[in-house]
Number of protein chains: 2
Amino acid sequence: MIYADYNGSAPPCLEVCEYLQKRLAPGAPFANPNAIHKLGKKIFLGMENARAVCAKNLGAKPFQLTLTSGATEAISIVMHSLIEQATSLQKKTIICSSIEHSAVHRSVQYYEEKYGFRVLWLPTLPSGVVDINMLETWLIAHHKDLAFVTVMAANNETGVIQPYREISEFCQRYNVPYFSDTTQIIAKDDFHFIDSGMDYAVLSSHKVGALIGSGLILSKNPENLRELIIGGGQEKYKRGGTQNYIGMETMAVALKAFQEKYKERLKDLKEERIQFEAQIKKMFPQVVILGEEAERLATTTYLSYPGIHGQAVQIELECQDIFVTTSSACSDNLPVTSKVLKSMNINDSIGRGVVRISVGACAPFGIYQHITEGLVKAYKKLIPINCPEQSQF
Amino acid sequence: MIYADYNGSAPPCLEVCEYLQKRLAPGAPFANPNAIHKLGKKIFLGMENARAVCAKNLGAKPFQLTLTSGATEAISIVMHSLIEQATSLQKKTIICSSIEHSAVHRSVQYYEEKYGFRVLWLPTLPSGVVDINMLETWLIAHHKDLAFVTVMAANNETGVIQPYREISEFCQRYNVPYFSDTTQIIAKDDFHFIDSGMDYAVLSSHKVGALIGSGLILSKNPENLRELIIGGGQEKYKRGGTQNYIGMETMAVALKAFQEKYKERLKDLKEERIQFEAQIKKMFPQVVILGEEAERLATTTYLSYPGIHGQAVQIELECQDIFVTTSSACSDNLPVTSKVLKSMNINDSIGRGVVRISVGACAPFGIYQHITEGLVKAYKKLIPINCPEQSQF
């Protein structure tokens, strides 16, 4: 089986599986981490140790990490906090990129519709990179009324890395909070929270090879967070509910494994990916690679054969035990050109043909060889049916 | 080791541990349950099957279950939904019991302070049961302005079971939504959601012997829920974020094990608990059992020796490898009489002496024998120091 949907969900890495086999055996330590007895204190200390390991591997301080149930919840908490702060400062404008994941996109729309915020949707260039010149123009023009800027670090569909360091600098210059959805960049590229200059970033456990069901908020100043889930004062009154300490522990295991073991493999994987893309384009010159000109994650290829529906390719690959998607898991049931591609000015013929191939740093070497063979076979079968005029096979 | 803090957190039951050993082994199925490929569909079907098993064992329909990260998040979503609905109907009064867990108590306070809701705090009788006559009086007087009523099903400190069926009937009569925090009753007593008549109930995985990090909302009409965590449309647009399918699966395993195996043990455990309490009271007539007169969970004893600080007892027990708490995990760092006991009109001398002993349906038989011996030893040591005038030892 070739699994190539890491951007949708990464398998728990080997280190996490091994950790959980011991960690969840009958009789293993458990307790409410907030209990006063020593079992509770032991769990609490283990959780705080895991927080420190996560922080170290994310370039942050332990106090800057707030445990959540995933990136979507983390995004909702950050948005709620930014909106509360903006409301108290009577700032009513948001700059949001037009290629955000629906968790960000729909949150911003919610505050637009419900509380009358004005949203400036930052377009992207055809490369898939946000228009940073327009961002600067808008910052100059509107910074006094700006609640926040939100631009993701790496796009979930194209894998295109956004200029988040420059965006941080701009935002700092104009004193506007910057939140970046970093879900797709962490454990797929170098990322150092403090160096990034962001005010807030987020992480999802199941995108980094940890156990599904937890996540983190990274905050420059976590005291600015506002409680969205109201509980018994856990996470310094920033996120209520008994902490998912097992989730925190597996994030520590996965992030440590990435830094110490898997990160160095990214260079080779990127090389493999480049060769794979070149080979496909050589055989099928019609193929378009979305975001090809931009800096991209080492592990993501978003390609299209105009005229062949992405879902047909996905099914052909599935018959060969190769698992990819057409766009993001959340939207790929809709047979329309995604908003990410529309923002890049991609026409529907290309838009309907896209297939997303995303692997991870702990994916087996040689994975692209299998994907190449599978994709060649799929196109060779589908071209004569869908584009007979192009058929040489 | 004797673990007697099930109300704080229950250990994963044996069935869940065994399930997870297989479920999380390297190579076991995983994927984003919303992905279009067959791996995703397989995970989705497994999750929906688990939802159906949970529903069956909770007396609900599968569509009535919304997956969350725990009871606290579930409570925040229900509260948000009830407040939004009430706001659109211009209803501004809330009836909330005075013995709620801080997740409910603090949520209600939040809407009181931030949005000007009026809160009527329903008192309890000295037995620990809410004053149902007063509730009816208030319903008659205020039902036209009532946003909702919230009274928990079983109290986390005393274990006292509240008359939730009568409360449901009252609320239905006056057409007021009833939300009950059922976190402590599920898997500790018979509970059937549809028969309960509640509009909303909640569950926490780590209170029922499942893996920590998930939970459920039970809704009579889930279409009335409002999205608090905004994501990609998961859980029918009621709760965003990739679903923690492993959490859902373990809840199904734990709830099924409770219904089929552990529930029948509750009668014997209750018998053991009654004997334990009688024995302690016979030896130490000063001991007060909180909520003694009321119907209580089979598995909870909240007792106090006036003059001996609960924390001293807890530490003495801990030295004997018996783990209990003084009140709830969230509040027991505060050396004050809890709001639950204040509501029962308990004086500080008793209030400061409380120790909560809570076991679970899957606790080993004979557990109360060990607890009795431990408690006798602890009191025999502490009485001469703290209450020398009472010392016969």
# chains A, B, ... in the order shown; residues from 1 in each chain; ligands from 1
>>> residues_around(residues="Leu218 (chain B)", least_positions_apart="5", cutoff="7 Å", atoms="only C-alpha atoms", output="list in words")
Gln64, Leu65, Thr66, Tyr200, Ala201 and Val202 of chain B
>>> closest_atom_pairs(of="region 1-65 of chain B", to="region 365-376 of chain B", cutoff="12 Å", atoms="only C-alpha atoms", output="CSV")
residue,atom,partner,partner_atom,distance
B:Met1,CA,B:His370,CA,9.7
B:Ile2,CA,B:Ile367,CA,7.1
B:Tyr3,CA,B:Ile367,CA,8.9
B:Ala4,CA,B:Ile371,CA,8.5
>>> write_last_selection(atoms="N, CA, C and O atoms", output="PDB file, in the first residue's frame")
ATOM      1  N   MET B   1      -1.851  -1.231  44.702  1.00  0.00           N
ATOM      2  CA  MET B   1      -2.382   0.138  44.620  1.00  0.00           C
ATOM      3  C   MET B   1      -3.910   0.129  44.587  1.00  0.00           C
ATOM      4  O   MET B   1      -4.512  -0.670  43.873  1.00  0.00           O
ATOM      5  N   ILE B   2      -4.503   1.011  45.373  1.00  0.00           N
ATOM      6  CA  ILE B   2      -5.959   1.154  45.351  1.00  0.00           C
ATOM      7  C   ILE B   2      -6.280   2.524  44.774  1.00  0.00           C
ATOM      8  O   ILE B   2      -5.981   3.554  45.388  1.00  0.00           O
ATOM      9  N   TYR B   3      -6.885   2.524  43.603  1.00  0.00           N
ATOM     10  CA  TYR B   3      -7.248   3.787  42.955  1.00  0.00           C
ATOM     11  C   TYR B   3      -8.708   4.077  43.275  1.00  0.00           C
ATOM     12  O   TYR B   3      -9.595   3.281  42.931  1.00  0.00           O
ATOM     13  N   ALA B   4      -8.970   5.176  43.933  1.00  0.00           N
ATOM     14  CA  ALA B   4     -10.347   5.518  44.315  1.00  0.00           C
ATOM     15  C   ALA B   4     -10.633   6.981  43.969  1.00  0.00           C
ATOM     16  O   ALA B   4     -11.130   7.756  44.779  1.00  0.00           O
TER      17      ALA B   4
END
>>> closest_atom_pairs(of="chain A", to="chain B", cutoff="6 Å", atoms="only C-alpha atoms", output="Markdown table")
| residue | atom | partner | partner_atom | distance |
| --- | --- | --- | --- | --- |
| A:Gly8 | CA | B:Asn32 | CA | 5.8 |
| A:Ser9 | CA | B:Asn32 | CA | 5.2 |
| A:Cys17 | CA | B:Pro26 | CA | 5.7 |
| A:Gln21 | CA | B:Gln21 | CA | 5.9 |
| A:Ala25 | CA | B:Cys17 | CA | 5.9 |
| A:Pro26 | CA | B:Cys17 | CA | 5.7 |
| A:Ala31 | CA | B:Ser9 | CA | 5.7 |
| A:Asn32 | CA | B:Ser9 | CA | 5.2 |
| A:Asn34 | CA | B:Ala329 | CA | 5.4 |
| A:Ala35 | CA | B:Ala329 | CA | 4.6 |
| A:Ser69 | CA | B:Ser69 | CA | 6.0 |
| A:Thr72 | CA | B:Gly241 | CA | 5.0 |
| A:Glu73 | CA | B:Ile229 | CA | 5.6 |
| A:Ser76 | CA | B:Ile229 | CA | 5.6 |
| A:Ser102 | CA | B:Gly232 | CA | 5.3 |
| A:Ala103 | CA | B:Gly231 | CA | 3.9 |
| A:Ser107 | CA | B:Ile230 | CA | 5.9 |
| A:Ile212 | CA | B:Asn244 | CA | 5.8 |
| A:Gly213 | CA | B:Asn244 | CA | 4.9 |
| A:Ile229 | CA | B:Glu73 | CA | 5.6 |
| A:Ile230 | CA | B:Ala103 | CA | 5.7 |
| A:Gly231 | CA | B:Ala103 | CA | 3.9 |
| A:Gly232 | CA | B:Cys330 | CA | 5.2 |
| A:Gly241 | CA | B:Thr72 | CA | 5.0 |
| A:Asn244 | CA | B:Gly213 | CA | 4.9 |
| A:Ala329 | CA | B:Ala35 | CA | 4.6 |
| A:Cys330 | CA | B:Gly232 | CA | 5.2 |
>>> write_last_selection(atoms="N, CA and C atoms", output="CSV table (one decimal), in the first residue's frame")
chain,number,residue,atom,x,y,z
A,8,GLY,N,-3.8,15.2,4.4
A,8,GLY,CA,-5.1,14.9,5.0
A,8,GLY,C,-4.9,14.4,6.4
A,9,SER,N,-4.1,13.4,6.6
A,9,SER,CA,-3.8,12.9,7.9
A,9,SER,C,-2.5,12.0,7.8
A,17,CYS,N,3.8,4.9,17.6
A,17,CYS,CA,3.1,3.5,17.8
A,17,CYS,C,3.8,2.7,18.9
A,21,GLN,N,2.2,1.6,22.5
A,21,GLN,CA,2.0,0.2,22.9
A,21,GLN,C,2.4,0.0,24.4
A,25,ALA,N,-0.7,0.1,27.8
A,25,ALA,CA,-0.8,-1.3,28.3
A,25,ALA,C,-1.7,-1.3,29.6
A,26,PRO,N,-2.4,-2.4,29.9
A,26,PRO,CA,-3.1,-2.4,31.2
A,26,PRO,C,-2.2,-2.1,32.3
A,31,ALA,N,-4.3,9.2,35.4
A,31,ALA,CA,-5.0,9.9,36.5
A,31,ALA,C,-5.4,11.2,35.9
A,32,ASN,N,-6.2,11.9,36.6
A,32,ASN,CA,-6.5,13.3,36.2
A,32,ASN,C,-5.3,14.2,36.6
A,34,ASN,N,-4.8,17.0,37.2
A,34,ASN,CA,-5.1,18.1,38.1
A,34,ASN,C,-5.4,17.6,39.5
A,35,ALA,N,-5.3,16.3,39.7
A,35,ALA,CA,-5.6,15.7,41.0
A,35,ALA,C,-4.5,16.0,42.0
A,69,SER,N,-7.6,20.3,21.3
A,69,SER,CA,-8.0,19.0,20.7
A,69,SER,C,-7.6,18.9,19.3
A,72,THR,N,-8.1,22.8,14.4
A,72,THR,CA,-9.3,23.6,14.2
A,72,THR,C,-9.8,24.3,15.5
A,73,GLU,N,-9.8,23.5,16.6
A,73,GLU,CA,-10.1,24.2,17.9
A,73,GLU,C,-9.1,25.3,18.2
A,76,SER,N,-10.1,28.3,16.3
A,76,SER,CA,-11.3,29.0,16.8
A,76,SER,C,-10.9,29.8,18.1
A,102,SER,N,-10.6,26.0,5.4
A,102,SER,CA,-12.0,26.4,5.8
A,102,SER,C,-12.1,26.7,7.3
A,103,ALA,N,-11.3,26.1,8.1
A,103,ALA,CA,-11.3,26.5,9.6
A,103,ALA,C,-11.1,28.0,9.8
A,107,SER,N,-14.3,30.8,9.9
A,107,SER,CA,-14.3,31.6,11.1
A,107,SER,C,-14.3,33.1,10.8
A,212,ILE,N,-4.1,11.0,16.9
A,212,ILE,CA,-5.2,12.0,16.5
A,212,ILE,C,-6.0,12.4,17.8
A,213,GLY,N,-6.3,13.7,17.8
A,213,GLY,CA,-7.2,14.2,18.9
A,213,GLY,C,-6.6,15.3,19.8
A,229,ILE,N,-13.5,27.6,25.5
A,229,ILE,CA,-14.0,26.4,26.2
A,229,ILE,C,-13.8,26.6,27.7
A,230,ILE,N,-14.9,26.8,28.4
A,230,ILE,CA,-14.8,27.3,29.7
A,230,ILE,C,-14.9,26.1,30.7
A,231,GLY,N,-13.9,25.9,31.5
A,231,GLY,CA,-13.8,24.7,32.4
A,231,GLY,C,-13.3,25.1,33.8
A,232,GLY,N,-12.5,24.1,34.3
A,232,GLY,CA,-12.1,24.2,35.6
A,232,GLY,C,-10.7,25.0,35.8
A,241,GLY,N,-11.2,21.9,30.6
A,241,GLY,CA,-11.3,20.5,30.3
A,241,GLY,C,-10.1,19.8,30.7
A,244,ASN,N,-5.7,16.4,27.6
A,244,ASN,CA,-5.4,15.1,26.9
A,244,ASN,C,-3.9,14.9,27.0
A,329,ALA,N,-9.3,17.1,2.3
A,329,ALA,CA,-10.3,16.1,2.8
A,329,ALA,C,-11.7,16.8,3.0
A,330,CYS,N,-11.6,18.1,3.5
A,330,CYS,CA,-12.9,18.7,3.8
A,330,CYS,C,-13.7,19.2,2.6
>>> select_by_dssp(residues="region 92-317 of chain B", states="helix (DSSP H, G or I)", output="number ranges by chain")
B: 102-115, 132-145, 164-173, 193-196, 205-207, 222-224, 234-237, 245-283, 310-317
>>> residues_around(residues="region 283-289 of chain A", least_positions_apart="4", cutoff="7 Å", atoms="only C-alpha atoms", output="number ranges by chain")
A: 279, 302-305
>>> residues_around(residues="Ile167 (chain B)", least_positions_apart="2", cutoff="9 Å", atoms="only C-alpha atoms", output="PyMOL selection string")
chain B and resi 132+135-136+149+151+162-165+169-172+178+197-198
>>> closest_residue(among="A:Val336, A:Ala278, A:Cys387, A:Met248", to="Ala55 (chain A)", atoms="only C-alpha atoms")
A:Met248
>>> select_by_dssp(residues="region 81-259 of chain A", states="strand (DSSP E)", output="JSON, numbers by chain")
{"A": [93, 94, 95, 96, 97, 118, 119, 120, 121, 122, 146, 147, 148, 149, 150, 178, 179, 180, 200, 201, 202, 203, 204, 215, 216, 217, 218, 219]}
>>> residues_around(residues="Ser81 (chain B)", least_positions_apart="5", cutoff="10 Å", atoms="only C-alpha atoms", output="PyMOL selection string")
chain B and resi 75-76+86-87+224-228+238
>>> decode(residues="region 106-154 of chain B", atoms="N, CA and C atoms", output="JSON list (two decimals), in the first residue's frame")
[["chain", "number", "residue", "atom", "x", "y", "z"],
["B", 106, "ARG", "N", -19.09, 28.24, 35.59],
["B", 106, "ARG", "CA", -18.34, 29.37, 35.04],
["B", 106, "ARG", "C", -18.88, 29.80, 33.67],
["B", 107, "SER", "N", -19.42, 28.84, 32.89],
["B", 107, "SER", "CA", -20.03, 29.22, 31.61],
["B", 107, "SER", "C", -21.23, 30.13, 31.85],
["B", 108, "VAL", "N", -22.06, 29.74, 32.81],
["B", 108, "VAL", "CA", -23.25, 30.53, 33.12],
["B", 108, "VAL", "C", -22.83, 31.92, 33.61],
["B", 109, "GLN", "N", -21.82, 31.95, 34.45],
["B", 109, "GLN", "CA", -21.32, 33.25, 34.94],
["B", 109, "GLN", "C", -20.81, 34.12, 33.79],
["B", 110, "TYR", "N", -20.18, 33.47, 32.81],
["B", 110, "TYR", "CA", -19.65, 34.20, 31.65],
["B", 110, "TYR", "C", -20.79, 34.92, 30.92],
["B", 111, "TYR", "N", -21.89, 34.20, 30.69],
["B", 111, "TYR", "CA", -23.00, 34.82, 29.95],
["B", 111, "TYR", "C", -23.73, 35.85, 30.82],
["B", 112, "GLU", "N", -23.69, 35.65, 32.12],
["B", 112, "GLU", "CA", -24.27, 36.62, 33.05],
["B", 112, "GLU", "C", -23.48, 37.94, 32.97],
["B", 113, "GLU", "N", -22.15, 37.80, 33.07],
["B", 113, "GLU", "CA", -21.32, 39.01, 33.12],
["B", 113, "GLU", "C", -21.19, 39.68, 31.76],
["B", 114, "LYS", "N", -21.06, 38.86, 30.72],
["B", 114, "LYS", "CA", -20.75, 39.44, 29.42],
["B", 114, "LYS", "C", -21.99, 39.86, 28.64],
["B", 115, "TYR", "N", -23.08, 39.09, 28.79],
["B", 115, "TYR", "CA", -24.25, 39.38, 27.97],
["B", 115, "TYR", "C", -25.48, 39.76, 28.80],
["B", 116, "GLY", "N", -25.30, 39.93, 30.10],
["B", 116, "GLY", "CA", -26.39, 40.43, 30.93],
["B", 116, "GLY", "C", -27.52, 39.45, 31.19],
["B", 117, "PHE", "N", -27.26, 38.17, 31.06],
["B", 117, "PHE", "CA", -28.30, 37.21, 31.43],
["B", 117, "PHE", "C", -28.51, 37.26, 32.95],
["B", 118, "ARG", "N", -29.74, 37.02, 33.38],
["B", 118, "ARG", "CA", -30.03, 36.94, 34.81],
["B", 118, "ARG", "C", -29.98, 35.46, 35.21],
["B", 119, "VAL", "N", -29.24, 35.15, 36.25],
["B", 119, "VAL", "CA", -29.13, 33.75, 36.66],
["B", 119, "VAL", "C", -29.84, 33.55, 38.01],
["B", 120, "LEU", "N", -30.75, 32.60, 38.02],
["B", 120, "LEU", "CA", -31.38, 32.18, 39.28],
["B", 120, "LEU", "C", -30.65, 30.91, 39.71],
["B", 121, "TRP", "N", -29.95, 31.00, 40.84],
["B", 121, "TRP", "CA", -29.15, 29.86, 41.31],
["B", 121, "TRP", "C", -30.04, 28.98, 42.17],
["B", 122, "LEU", "N", -30.35, 27.82, 41.67],
["B", 122, "LEU", "CA", -31.26, 26.91, 42.37],
["B", 122, "LEU", "C", -30.54, 26.27, 43.56],
["B", 123, "PRO", "N", -31.04, 26.49, 44.77],
["B", 123, "PRO", "CA", -30.36, 25.92, 45.95],
["B", 123, "PRO", "C", -30.63, 24.42, 46.09],
["B", 124, "THR", "N", -29.85, 23.81, 46.96],
["B", 124, "THR", "CA", -30.12, 22.40, 47.28],
["B", 124, "THR", "C", -30.66, 22.31, 48.70],
["B", 125, "LEU", "N", -31.29, 21.21, 48.97],
["B", 125, "LEU", "CA", -31.72, 20.89, 50.34],
["B", 125, "LEU", "C", -30.47, 20.37, 51.07],
["B", 126, "PRO", "N", -30.52, 20.29, 52.41],
["B", 126, "PRO", "CA", -29.34, 19.77, 53.13],
["B", 126, "PRO", "C", -28.93, 18.36, 52.67],
["B", 127, "SER", "N", -29.86, 17.63, 52.05],
["B", 127, "SER", "CA", -29.54, 16.29, 51.56],
["B", 127, "SER", "C", -28.59, 16.31, 50.37],
["B", 128, "GLY", "N", -28.47, 17.46, 49.73],
["B", 128, "GLY", "CA", -27.64, 17.53, 48.54],
["B", 128, "GLY", "C", -28.44, 17.45, 47.25],
["B", 129, "VAL", "N", -29.77, 17.35, 47.41],
["B", 129, "VAL", "CA", -30.66, 17.29, 46.23],
["B", 129, "VAL", "C", -31.18, 18.70, 45.96],
["B", 130, "VAL", "N", -31.26, 19.08, 44.69],
["B", 130, "VAL", "CA", -31.76, 20.43, 44.39],
["B", 130, "VAL", "C", -33.20, 20.58, 44.85],
["B", 131, "ASP", "N", -33.55, 21.81, 45.16],
["B", 131, "ASP", "CA", -34.89, 22.11, 45.67],
["B", 131, "ASP", "C", -35.88, 22.15, 44.50],
["B", 132, "ILE", "N", -36.51, 21.03, 44.28],
["B", 132, "ILE", "CA", -37.36, 20.88, 43.10],
["B", 132, "ILE", "C", -38.65, 21.68, 43.21],
["B", 133, "ASN", "N", -39.07, 21.93, 44.45],
["B", 133, "ASN", "CA", -40.27, 22.77, 44.61],
["B", 133, "ASN", "C", -39.98, 24.21, 44.20],
["B", 134, "MET", "N", -38.81, 24.65, 44.59],
["B", 134, "MET", "CA", -38.43, 26.00, 44.18],
["B", 134, "MET", "C", -38.29, 26.08, 42.67],
["B", 135, "LEU", "N", -37.75, 25.02, 42.07],
["B", 135, "LEU", "CA", -37.61, 25.00, 40.61],
["B", 135, "LEU", "C", -38.98, 25.17, 39.96],
["B", 136, "GLU", "N", -39.96, 24.44, 40.50],
["B", 136, "GLU", "CA", -41.30, 24.54, 39.89],
["B", 136, "GLU", "C", -41.86, 25.96, 40.06],
["B", 137, "THR", "N", -41.68, 26.51, 41.24],
["B", 137, "THR", "CA", -42.15, 27.88, 41.48],
["B", 137, "THR", "C", -41.52, 28.85, 40.48],
["B", 138, "TRP", "N", -40.23, 28.70, 40.31],
["B", 138, "TRP", "CA", -39.52, 29.59, 39.37],
["B", 138, "TRP", "C", -39.97, 29.37, 37.92],
["B", 139, "LEU", "N", -40.21, 28.11, 37.58],
["B", 139, "LEU", "CA", -40.67, 27.82, 36.22],
["B", 139, "LEU", "C", -42.02, 28.49, 35.96],
["B", 140, "ILE", "N", -42.89, 28.40, 36.96],
["B", 140, "ILE", "CA", -44.21, 29.03, 36.81],
["B", 140, "ILE", "C", -44.05, 30.55, 36.65],
["B", 141, "ALA", "N", -43.20, 31.11, 37.49],
["B", 141, "ALA", "CA", -43.07, 32.57, 37.51],
["B", 141, "ALA", "C", -42.32, 33.12, 36.29],
["B", 142, "HIS", "N", -41.31, 32.37, 35.83],
["B", 142, "HIS", "CA", -40.39, 32.98, 34.85],
["B", 142, "HIS", "C", -40.34, 32.28, 33.49],
["B", 143, "HIS", "N", -41.17, 31.26, 33.28],
["B", 143, "HIS", "CA", -40.93, 30.42, 32.10],
["B", 143, "HIS", "C", -40.92, 31.21, 30.79],
["B", 144, "LYS", "N", -41.68, 32.30, 30.74],
["B", 144, "LYS", "CA", -41.72, 33.06, 29.48],
["B", 144, "LYS", "C", -40.38, 33.72, 29.16],
["B", 145, "ASP", "N", -39.57, 33.95, 30.19],
["B", 145, "ASP", "CA", -38.28, 34.60, 29.96],
["B", 145, "ASP", "C", -37.09, 33.63, 30.10],
["B", 146, "LEU", "N", -37.41, 32.33, 30.24],
["B", 146, "LEU", "CA", -36.32, 31.39, 30.54],
["B", 146, "LEU", "C", -35.58, 30.93, 29.29],
["B", 147, "ALA", "N", -34.28, 31.16, 29.31],
["B", 147, "ALA", "CA", -33.41, 30.67, 28.24],
["B", 147, "ALA", "C", -33.26, 29.16, 28.35],
["B", 148, "PHE", "N", -32.96, 28.68, 29.53],
["B", 148, "PHE", "CA", -32.84, 27.24, 29.78],
["B", 148, "PHE", "C", -32.68, 26.98, 31.27],
["B", 149, "VAL", "N", -32.82, 25.70, 31.61],
["B", 149, "VAL", "CA", -32.57, 25.21, 32.97],
["B", 149, "VAL", "C", -31.38, 24.27, 32.88],
["B", 150, "THR", "N", -30.44, 24.39, 33.81],
["B", 150, "THR", "CA", -29.35, 23.42, 33.83],
["B", 150, "THR", "C", -29.14, 22.88, 35.25],
["B", 151, "VAL", "N", -29.33, 21.58, 35.38],
["B", 151, "VAL", "CA", -29.14, 20.87, 36.65],
["B", 151, "VAL", "C", -28.46, 19.55, 36.30],
["B", 152, "MET", "N", -27.35, 19.28, 36.92],
["B", 152, "MET", "CA", -26.59, 18.06, 36.64],
["B", 152, "MET", "C", -27.37, 16.80, 37.03],
["B", 153, "ALA", "N", -26.94, 15.64, 36.54],
["B", 153, "ALA", "CA", -27.64, 14.39, 36.85],
["B", 153, "ALA", "C", -27.11, 13.76, 38.14],
["B", 154, "ALA", "N", -25.81, 13.79, 38.34],
["B", 154, "ALA", "CA", -25.22, 13.27, 39.58],
["B", 154, "ALA", "C", -24.06, 14.18, 39.93]]
